[in-house]
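First comes the structure, then the notes that go with it.
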Amino acid sequence: MITDFTWMIGGPQGSGVETAANIFSQVFSKMGYQIFGKREYYSNIKGEHSYFAVRVSEKQIRSSVKGTNMLIAFDAETIFRHADDVLENGIIIYDSTLENVKVSDVITFDNDFKERLGNLLKSKNKEDTVKGILELASENGTSIHSVSFRSLLAELSEKLENPRIKNMSRMFNVLGVSLSLGLLMIPSEKLTESVNSIFSKKKSIAEMNVSAANFAYNYATAKFDNIGLKFEEKEIEENTLLVQGYYGTSIGKIIAGCRFQSYYPITPATDESNFLETNEILEINEDRPGSTLVIQTEDEISAIGMAIGSSLTGVRSATCTSGPGFVLMIECLSWAGINEVPVVITFYQRSGPSTGLPTRHGQDDLMCAINSGVGEFPRIVYASGSVSDSFYDTTQVFNYADVFQVPVIHMMDKFIASSVTTCQRFDETRVNIDRGKLLNEIPSDNYRRFEHTEDGLSPRSKLGLENGIFWNTGDESDIQGHISEDPVNRVQMMDKRQSRLDYILEKIPETEQIVKHSEGDFCVVSWGSTQGPILDAIEMLKDDGINIGFVEVKLLEPFPKEFLKKLFSNSKTIIDIEANYTGQLGSLIRQNLEKDPDYYILKFTGRPMTCTELYDTLKKIVNGTAQKREVLTYGA
Amino acid sequence: MALKIGDYKTDVHNDWCPGCGDFGIVNSIQMALAEMEIPRHQTAIFSGIGCSGKTSHFINVFGVHTLHGRVLPFAQGAKISNPNLEIIAVGGDGDGLGIGAGHFVAAGRRNVDMTYIIFDNAVYGLTKGQASPTLKLGEKTKSLPTPNTNYNVNPIGLAIASGFTFAARGYSYDVRQLKDLIIAAVNHKGLAFVDVLQPCPTYNDINTKDWFSGVDRIDETTKKAMPRIYKLEDTDYDPVVHYSDETELNQKKTQAIVRSLEWDEKIPTGIFYKNELITPYTRRLTDKIPNYIENPSALQNISKNNAPITKINQILDLYKV
């Protein structure tokens, strides 16, 4: 029997839910298990509900599942929101002092949820308290373990003769995770090791948390009934990393030689810039240290403007943003387009429209990335489907930008950004750097920046290069870069730039354009972070004897229509899967292949897809009982 | 071979209106570059949009004609990436103080070592004479349907309030003084701002060349026009912040702002404020990246034979299971 266990901790924002989950993830990864964790939170600093679900398995996992095996709650809201999500034979560990908290006592509930919860409890004849919802969970086969977190602190405080500890409710997170690890009978030294490493920045805090962790751990092993679950320690697979979702693009930028990143703070993109600035000084092989300049700007217009200015000096430059920031960049993006400036925009999508669901997931900006702009100019839109892919893809998008002298928009999203996962160590030997026609010296004084050439790409000078003087303008220009409104020149320049779209399709290897994961009569087509849940669902279906094909479109502009057509030719039924309302990739397929996908599986709740949902829905499609448009809704 | 003014001129046809004040500014920039003998390839002119935006095409150094209001972000991105470049940003008053006002303020806070020249004529020329941020409240230039309903921005005051460490005002018909101001601005260690009064002969029929020259004010005894413009350097005005002290700083800032408000009867030009005691952005970067000046982004090698040379092992090891 394969272990597949989902653990969840919830609590108010600012209560250390993420820290607890990191401890849990670290412990299990060190025991040789694969991890996939996801973080959900409100647009809020302190007080609103956040939770972290960590899935653990001995086989490769790339997504979350429906339901939770073990829920840790030290506030009432977590219990109310997630108790009925605990699976049969699941476990809830909660703070017993919460028992009599009423639904109406939780001030952070949205009205809609409060009403739904009230109706649920009423329909099951339960009182509208924590006790009521726990009874319901209990009837569903969940075993409930209650413990007063405050008493635990009091006892610990007495034991350590430190009266301050008594009131340190901010250690509830560590108590919670430690209770759960005790109940799961995980070797306690793993817990100690992990707590020490997570709090490594401050020794006294680490010591206090280790004491609290061991105290709670021992309490659970002594007082809780054995639940009969046992996690064997396994050999850690060689070269395994435990990473946050945004590490892929961050470390990708470092090795790709991105030396300038300007940004304006926005969720969920900012973590990347923060990572780059934290690691701003770089070790370079056989050379003096290098550095990445990370500049926080006054707005996103300035962010892209500075990145373009930097690129003109020959630097690999980038900015990182989300939808509301990206749309502010459009005029500058168009300027980069007409001036053939290589610049990378890492686009961590969240859910719109407008501010939408600012801390939730969505893939609803594909059309925006492809179509936003003043006039017509070439660009590349490229999407990554996993943390690991995003590392390699980041190194590639800088090559694309340099080689094709176009702006590149690299599509990422909140699902990837706030996931935590084990993956194979990023392999730098697979990374190559191609700067295209960037010049490092120009011997004579007749340089023309936009000279017409056979392949449409002109040798590229940079600011400061002797004999390489050029002009740029957002107006149409002649080959020197001076303003020209001449109609003949206009046609030549439009041809020069627009012909690049075909050239890009010709030059980027097909395997980088679309990844064919599997083949089948039923074929899923998708893009970006749905990759994980789709691959996991397909594997589950395989166990049922059902083979599903999957093609992941990575290059979305220019659109590789001929190659996609070829890939579709062996499949009878095409199923488009996306985290948006309209099926934006589907519309690209309609437009380019003159074919409507047979089915759409869409999710736009702001929560990522689970493999379970996809498994269920794909099965319905195979069985012929699905609607053409299936909408997924799971997740709190 | 010494560089001459002619070396800094392009053969691009200049399509500004006859008599436009912009000509004087371009000439002053070219004269300043020649006098400083800055190699052409080490200089870049960044410009915004509008008549003044075309400036970069007329000067034979790197020329980056950007977008309306966005000249400062582009220029700062280049300067920060390659601090060896000499960068002069130019644009209109609508460009820098209207649509680009946010960047103007933010640039002041950064104090990047470069020069920003505003062509200040109080109208949007290229779109046919609408009121721009420096037009006074209630004034009606000839193509405005009704008098201006907005109060004017004081460019020098805004620059000082935003953190620019050098603020000067020139007049486009005094090319020699303007050239000297541009040289002083370029040599200043930090972000230097030069506000250039530049009559628009086509759309601004109020602040005309004659008006600045005081043709409407004849001295009864000499029978000569009494120019409105006077030079701060001809007075005992001292713009320099000499030592790091709050009283000194506040006094120099205050006198600059008060002086910059003079208008109508007497209009000062020259250097209003100069403070090299505030750290330029370069220094702030060097504080955290010690070899930033010797090895800035633009000079760094990132690959050898197409293979990356940046080490990521020590980062990856942190996340090793």
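Going by the structure tokens order, chains are called A, B, ..., each with residues numbered from 1, while ligands are numbered from 1 in the order shown.
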For chain A against chain B, which residues fall within 7 Å using only C-alpha atoms, given as number ranges by chain? A: 29-30, 240-243, 255-257, 259-260, 281-285, 290-291, 298, 302, 305-310, 312-315, 431-434, 463-467, 469-474, 482
Dump N, CA and C atoms for the selected residues as a short mmCIF file (atom, residue, chain, number, x, y, z; two decimals), in the first residue's frame?
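Wrote part10.cif, looks like this:
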data_model
loop_
_atom_site.label_atom_id
_atom_site.label_comp_id
_atom_site.auth_asym_id
_atom_site.auth_seq_id
_atom_site.Cartn_x
_atom_site.Cartn_y
_atom_site.Cartn_z
N SER A 29 10.45 15.15 4.35
CA SER A 29 11.41 15.03 3.25
C SER A 29 12.68 14.35 3.74
N LYS A 30 13.06 14.64 4.99
CA LYS A 30 14.26 14.00 5.55
C LYS A 30 14.03 12.52 5.84
N THR A 240 17.88 15.36 -3.95
CA THR A 240 16.54 15.90 -3.75
C THR A 240 16.63 17.27 -3.10
N LEU A 241 15.80 18.18 -3.60
CA LEU A 241 15.69 19.50 -2.98
C LEU A 241 14.28 19.64 -2.42
N LEU A 242 14.16 20.46 -1.38
CA LEU A 242 12.84 20.86 -0.91
C LEU A 242 12.76 22.37 -1.15
N VAL A 243 11.90 22.74 -2.09
CA VAL A 243 11.93 24.14 -2.53
C VAL A 243 10.57 24.82 -2.45
N ILE A 255 21.54 31.96 -12.49
CA ILE A 255 22.50 31.23 -13.33
C ILE A 255 22.45 31.69 -14.79
N ALA A 256 21.29 32.19 -15.20
CA ALA A 256 21.18 32.68 -16.58
C ALA A 256 21.96 33.97 -16.79
N GLY A 257 22.38 34.58 -15.67
CA GLY A 257 23.17 35.81 -15.81
C GLY A 257 22.31 37.05 -15.81
N ARG A 259 21.35 40.18 -14.42
CA ARG A 259 22.10 41.00 -13.47
C ARG A 259 21.36 42.27 -13.08
N PHE A 260 20.12 42.36 -13.52
CA PHE A 260 19.34 43.55 -13.17
C PHE A 260 17.88 43.15 -13.09
N ILE A 281 24.85 39.17 -4.02
CA ILE A 281 26.27 38.98 -4.35
C ILE A 281 26.48 37.54 -4.79
N LEU A 282 27.13 37.39 -5.94
CA LEU A 282 27.19 36.08 -6.57
C LEU A 282 28.61 35.58 -6.68
N GLU A 283 28.76 34.28 -6.49
CA GLU A 283 30.06 33.67 -6.72
C GLU A 283 30.17 33.28 -8.18
N ILE A 284 31.32 33.64 -8.75
CA ILE A 284 31.52 33.39 -10.18
C ILE A 284 32.75 32.52 -10.35
N ASN A 285 32.64 31.52 -11.21
CA ASN A 285 33.79 30.64 -11.48
C ASN A 285 34.97 31.44 -12.01
N GLY A 290 30.26 38.58 -8.71
CA GLY A 290 29.30 39.33 -9.51
C GLY A 290 28.16 39.80 -8.62
N SER A 291 27.17 40.43 -9.21
CA SER A 291 26.04 40.89 -8.40
C SER A 291 24.80 41.08 -9.26
N GLU A 298 9.13 52.93 -8.24
CA GLU A 298 7.95 53.66 -7.78
C GLU A 298 6.66 53.09 -8.34
N SER A 302 7.87 52.15 -14.16
CA SER A 302 9.29 52.38 -13.92
C SER A 302 10.06 51.06 -13.90
N GLY A 305 10.53 50.10 -17.41
CA GLY A 305 11.37 51.13 -18.04
C GLY A 305 12.83 50.96 -17.66
N MET A 306 13.08 50.74 -16.38
CA MET A 306 14.46 50.55 -15.92
C MET A 306 15.06 49.27 -16.49
N ALA A 307 14.25 48.22 -16.54
CA ALA A 307 14.77 46.95 -17.08
C ALA A 307 15.17 47.13 -18.53
N ILE A 308 14.38 47.91 -19.28
CA ILE A 308 14.72 48.16 -20.68
C ILE A 308 16.01 48.99 -20.76
N GLY A 309 16.08 50.03 -19.93
CA GLY A 309 17.29 50.86 -19.91
C GLY A 309 18.52 50.01 -19.62
N SER A 310 18.37 49.09 -18.70
CA SER A 310 19.46 48.19 -18.35
C SER A 310 19.83 47.30 -19.53
N LEU A 312 19.58 47.89 -22.58
CA LEU A 312 20.28 48.65 -23.62
C LEU A 312 21.78 48.73 -23.35
N THR A 313 22.18 48.51 -22.10
CA THR A 313 23.62 48.50 -21.79
C THR A 313 24.21 47.10 -21.98
N GLY A 314 23.40 46.17 -22.47
CA GLY A 314 23.90 44.83 -22.74
C GLY A 314 23.67 43.84 -21.61
N VAL A 315 23.00 44.31 -20.56
CA VAL A 315 22.77 43.45 -19.40
C VAL A 315 21.54 42.58 -19.65
N VAL A 431 22.22 23.86 -18.54
CA VAL A 431 21.96 25.27 -18.87
C VAL A 431 22.98 25.77 -19.89
N ASN A 432 22.49 26.38 -20.96
CA ASN A 432 23.43 27.05 -21.86
C ASN A 432 23.03 28.52 -22.02
N ILE A 433 23.99 29.31 -22.40
CA ILE A 433 23.73 30.74 -22.53
C ILE A 433 24.05 31.18 -23.95
N ASP A 434 23.05 31.73 -24.61
CA ASP A 434 23.20 32.17 -25.99
C ASP A 434 22.75 33.63 -26.07
N LEU A 463 24.84 50.39 -25.19
CA LEU A 463 25.28 51.71 -24.75
C LEU A 463 26.69 51.57 -24.20
N GLY A 464 27.57 52.47 -24.65
CA GLY A 464 28.94 52.45 -24.14
C GLY A 464 29.92 51.77 -25.09
N LEU A 465 29.41 51.09 -26.11
CA LEU A 465 30.30 50.35 -27.01
C LEU A 465 30.85 51.28 -28.09
N GLU A 466 32.17 51.32 -28.19
CA GLU A 466 32.81 52.19 -29.16
C GLU A 466 32.38 51.81 -30.58
N ASN A 467 32.17 52.81 -31.40
CA ASN A 467 31.70 52.65 -32.79
C ASN A 467 30.29 52.06 -32.88
N ILE A 469 27.37 53.44 -31.79
CA ILE A 469 26.30 54.40 -31.48
C ILE A 469 25.04 54.09 -32.28
N PHE A 470 23.92 54.11 -31.58
CA PHE A 470 22.63 53.87 -32.23
C PHE A 470 21.59 54.79 -31.63
N TRP A 471 20.46 54.82 -32.27
CA TRP A 471 19.33 55.56 -31.73
C TRP A 471 18.15 54.62 -31.58
N ASN A 472 17.38 54.87 -30.58
CA ASN A 472 16.12 54.17 -30.39
C ASN A 472 15.01 55.20 -30.36
N THR A 473 13.84 54.78 -30.76
CA THR A 473 12.68 55.65 -30.61
C THR A 473 11.43 54.79 -30.61
N GLY A 474 10.44 55.26 -29.90
CA GLY A 474 9.15 54.57 -29.92
C GLY A 474 8.40 54.85 -31.21
N HIS A 482 16.55 56.45 -36.39
CA HIS A 482 15.96 57.78 -36.42
C HIS A 482 14.52 57.70 -36.92
#
Quick one: residues within 8 Å of Val341 in chain A, only C-alpha atoms counted, chain neighbours fewer than 2 positions away excluded, as a PyMOL selection string? chain A and resi 308+311-312+336-339+343+401+405-407
Write out the residues from the selection above, keeping C-alpha atoms, as a PDB file, in the first residue's frame.
ATOM      1  CA  ILE A 308      14.723  48.160 -20.682  1.00  0.00           C
ATOM      2  CA  SER A 311      19.063  45.871 -21.315  1.00  0.00           C
ATOM      3  CA  LEU A 312      20.280  48.647 -23.624  1.00  0.00           C
ATOM      4  CA  ALA A 336      10.720  47.172 -26.282  1.00  0.00           C
ATOM      5  CA  GLY A 337       8.878  45.518 -29.167  1.00  0.00           C
ATOM      6  CA  ILE A 338       9.509  48.225 -31.749  1.00  0.00           C
ATOM      7  CA  ASN A 339      13.097  48.683 -30.562  1.00  0.00           C
ATOM      8  CA  VAL A 343      13.815  41.919 -21.768  1.00  0.00           C
ATOM      9  CA  ALA A 401      15.044  37.242 -25.618  1.00  0.00           C
ATOM     10  CA  GLN A 405      15.654  40.369 -29.749  1.00  0.00           C
ATOM     11  CA  VAL A 406      12.118  40.438 -28.435  1.00  0.00           C
ATOM     12  CA  PRO A 407      10.495  40.917 -25.063  1.00  0.00           C
TER      13      PRO A 407
END
DSSP on the backbone, strand (DSSP E or B) only: what residues of range 280-470 of chain A does that give? Format it as number ranges by chain. A: 281-282, 284, 290-291, 293-296, 316-321, 343-349, 351, 357, 380-383, 407-413, 419-424, 438, 460
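Across the model, the gap from CA of Arg55 in chain A to CA of Leu632 in chain A is 20.1 Å.
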According to DSSP computed on the backbone, where in range 23-263 of chain B is there alpha helix (DSSP H)? Give the residues as a PyMOL selection string. chain B and resi 23-36+55-58+71-81+93-94+101-110+155-162+175-187+209-213+246-260
Point-to-point distance in Å for CA of Val344 in chain A and CA of Thr249 in chain A: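 According to the coordinates, CA of Thr249 in chain A and CA of Val344 in chain A are separated by 11.3 Å.
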Show me, as a list of chain:residue names, the residues that have an atom within 7 Å of range 224-226 of chain B when counting only C-alpha atoms, minus same-chain residues fewer than 2 positions from it.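 Counting only the stated atoms, we get B:Ser213, B:Gly214, B:Val215, B:Arg217, B:Ile218, B:Asp219, B:Thr222, B:Arg228.
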Residues as selected, C-alpha atoms, written as a short mmCIF file (atom, residue, chain, number, x, y, z; two decimals), in the first residue's frame, can you do that?
data_model
loop_
_atom_site.label_atom_id
_atom_site.label_comp_id
_atom_site.auth_asym_id
_atom_site.auth_seq_id
_atom_site.Cartn_x
_atom_site.Cartn_y
_atom_site.Cartn_z
CA SER B 213 13.47 90.36 -22.49
CA GLY B 214 11.08 92.87 -20.95
CA VAL B 215 10.14 94.56 -24.23
CA ARG B 217 8.86 97.34 -19.75
CA ILE B 218 10.88 100.28 -21.03
CA ASP B 219 13.13 102.04 -18.57
CA THR B 222 17.55 104.67 -20.57
CA ARG B 228 12.87 90.06 -16.45
#
Could you pull the residues within 6 Å of range 231-235 of chain B, counting only C-alpha atoms, minus those fewer than 3 positions along the same chain, as number ranges by chain? B: 268-270
Selection above as a file: C-alpha atoms, as a compact mmCIF listing (two decimals), in the first residue's frame:
# COMPACT_ATOMS: atom_id res chain seq x y z
CA PRO B 268 16.27 84.31 -11.53
CA THR B 269 18.42 81.87 -13.48
CA GLY B 270 21.51 80.01 -12.36
So that I can see what lies close to range 129-141 of chain B, please list as a PyMOL selection string the residues with an atom at most 12 Å from it, counting only C-alpha atoms and leaving out residues fewer than 6 positions away in the same chain. chain B and resi 50-51+92-101+118-123+147-158+195-208+261+263-264
With C-alpha atoms retained, could you export that selection as a PDB file, in the first residue's frame?
ATOM      1  CA  GLY B  50       7.015  65.752 -27.548  1.00  0.00           C
ATOM      2  CA  CYS B  51       9.085  68.315 -29.403  1.00  0.00           C
ATOM      3  CA  GLY B  92       9.237  68.705 -21.625  1.00  0.00           C
ATOM      4  CA  ASP B  93       7.565  70.081 -18.547  1.00  0.00           C
ATOM      5  CA  GLY B  94       4.381  68.173 -19.332  1.00  0.00           C
ATOM      6  CA  ASP B  95       6.446  65.033 -19.754  1.00  0.00           C
ATOM      7  CA  GLY B  96       8.411  65.360 -16.525  1.00  0.00           C
ATOM      8  CA  LEU B  97       6.027  67.203 -14.219  1.00  0.00           C
ATOM      9  CA  GLY B  98       2.676  65.977 -15.538  1.00  0.00           C
ATOM     10  CA  ILE B  99       2.548  62.397 -16.761  1.00  0.00           C
ATOM     11  CA  GLY B 100       6.011  61.646 -15.371  1.00  0.00           C
ATOM     12  CA  ALA B 101       5.685  63.430 -12.019  1.00  0.00           C
ATOM     13  CA  ILE B 118      13.373  70.006 -18.588  1.00  0.00           C
ATOM     14  CA  PHE B 119      12.372  72.086 -21.601  1.00  0.00           C
ATOM     15  CA  ASP B 120       9.909  74.301 -19.770  1.00  0.00           C
ATOM     16  CA  ASN B 121       7.510  76.259 -21.981  1.00  0.00           C
ATOM     17  CA  ALA B 122       4.211  75.908 -20.096  1.00  0.00           C
ATOM     18  CA  VAL B 123       2.389  74.345 -23.035  1.00  0.00           C
ATOM     19  CA  PRO B 147      -8.137  80.128 -19.071  1.00  0.00           C
ATOM     20  CA  ASN B 148      -6.087  77.490 -17.278  1.00  0.00           C
ATOM     21  CA  THR B 149      -7.913  76.098 -14.235  1.00  0.00           C
ATOM     22  CA  ASN B 150      -4.892  74.432 -12.582  1.00  0.00           C
ATOM     23  CA  TYR B 151      -2.303  75.900 -10.305  1.00  0.00           C
ATOM     24  CA  ASN B 152       1.245  75.638 -11.622  1.00  0.00           C
ATOM     25  CA  VAL B 153       4.005  73.349 -10.442  1.00  0.00           C
ATOM     26  CA  ASN B 154       7.222  74.977  -9.307  1.00  0.00           C
ATOM     27  CA  PRO B 155       9.856  72.711 -10.912  1.00  0.00           C
ATOM     28  CA  ILE B 156      12.799  73.864  -8.782  1.00  0.00           C
ATOM     29  CA  GLY B 157      10.754  73.584  -5.582  1.00  0.00           C
ATOM     30  CA  LEU B 158       9.489  70.130  -6.509  1.00  0.00           C
ATOM     31  CA  ASP B 195      14.839  73.702 -15.626  1.00  0.00           C
ATOM     32  CA  VAL B 196      15.167  75.601 -18.883  1.00  0.00           C
ATOM     33  CA  LEU B 197      12.759  78.424 -19.660  1.00  0.00           C
ATOM     34  CA  GLN B 198      12.091  77.877 -23.306  1.00  0.00           C
ATOM     35  CA  PRO B 199       9.602  80.078 -25.125  1.00  0.00           C
ATOM     36  CA  CYS B 200       7.280  78.218 -27.492  1.00  0.00           C
ATOM     37  CA  PRO B 201       6.859  80.743 -30.291  1.00  0.00           C
ATOM     38  CA  THR B 202       3.855  78.956 -31.711  1.00  0.00           C
ATOM     39  CA  TYR B 203       1.628  78.288 -28.716  1.00  0.00           C
ATOM     40  CA  ASN B 204       2.794  80.297 -25.732  1.00  0.00           C
ATOM     41  CA  ASP B 205       1.969  83.905 -26.555  1.00  0.00           C
ATOM     42  CA  ILE B 206       2.389  84.997 -22.940  1.00  0.00           C
ATOM     43  CA  ASN B 207       5.918  83.980 -21.908  1.00  0.00           C
ATOM     44  CA  THR B 208       7.520  84.975 -25.186  1.00  0.00           C
ATOM     45  CA  LEU B 261       9.028  81.504  -6.705  1.00  0.00           C
ATOM     46  CA  TRP B 263       8.274  85.509 -11.332  1.00  0.00           C
ATOM     47  CA  ASP B 264       6.704  88.280 -13.409  1.00  0.00           C
TER      48      ASP B 264
END
Non-local contacts of Ile9 in chain A (8 Å; only C-alpha atoms; under 6 positions in same chain excluded) as a count of residues only: 12
If we count only C-alpha atoms and set the cut-off at 7 Å, which residues sit around Gly606 in chain A, ignoring sequence neighbours fewer than 5 positions away in its own chain? Please answer as a list in words.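 Selected residues are Ser351, Leu357, Arg360, His361 and Gly362 of chain A.
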For the residues in the current selection, export C-alpha atoms as a compact mmCIF listing (two decimals), in the first residue's frame.
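Done, and the output landed in result15.txt:
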# COMPACT_ATOMS: atom_id res chain seq x y z
CA SER A 351 -6.94 35.76 -10.16
CA LEU A 357 -8.63 37.61 -5.70
CA ARG A 360 -5.41 33.42 -4.98
CA HIS A 361 -4.52 31.39 -7.99
CA GLY A 362 -5.64 31.90 -11.55
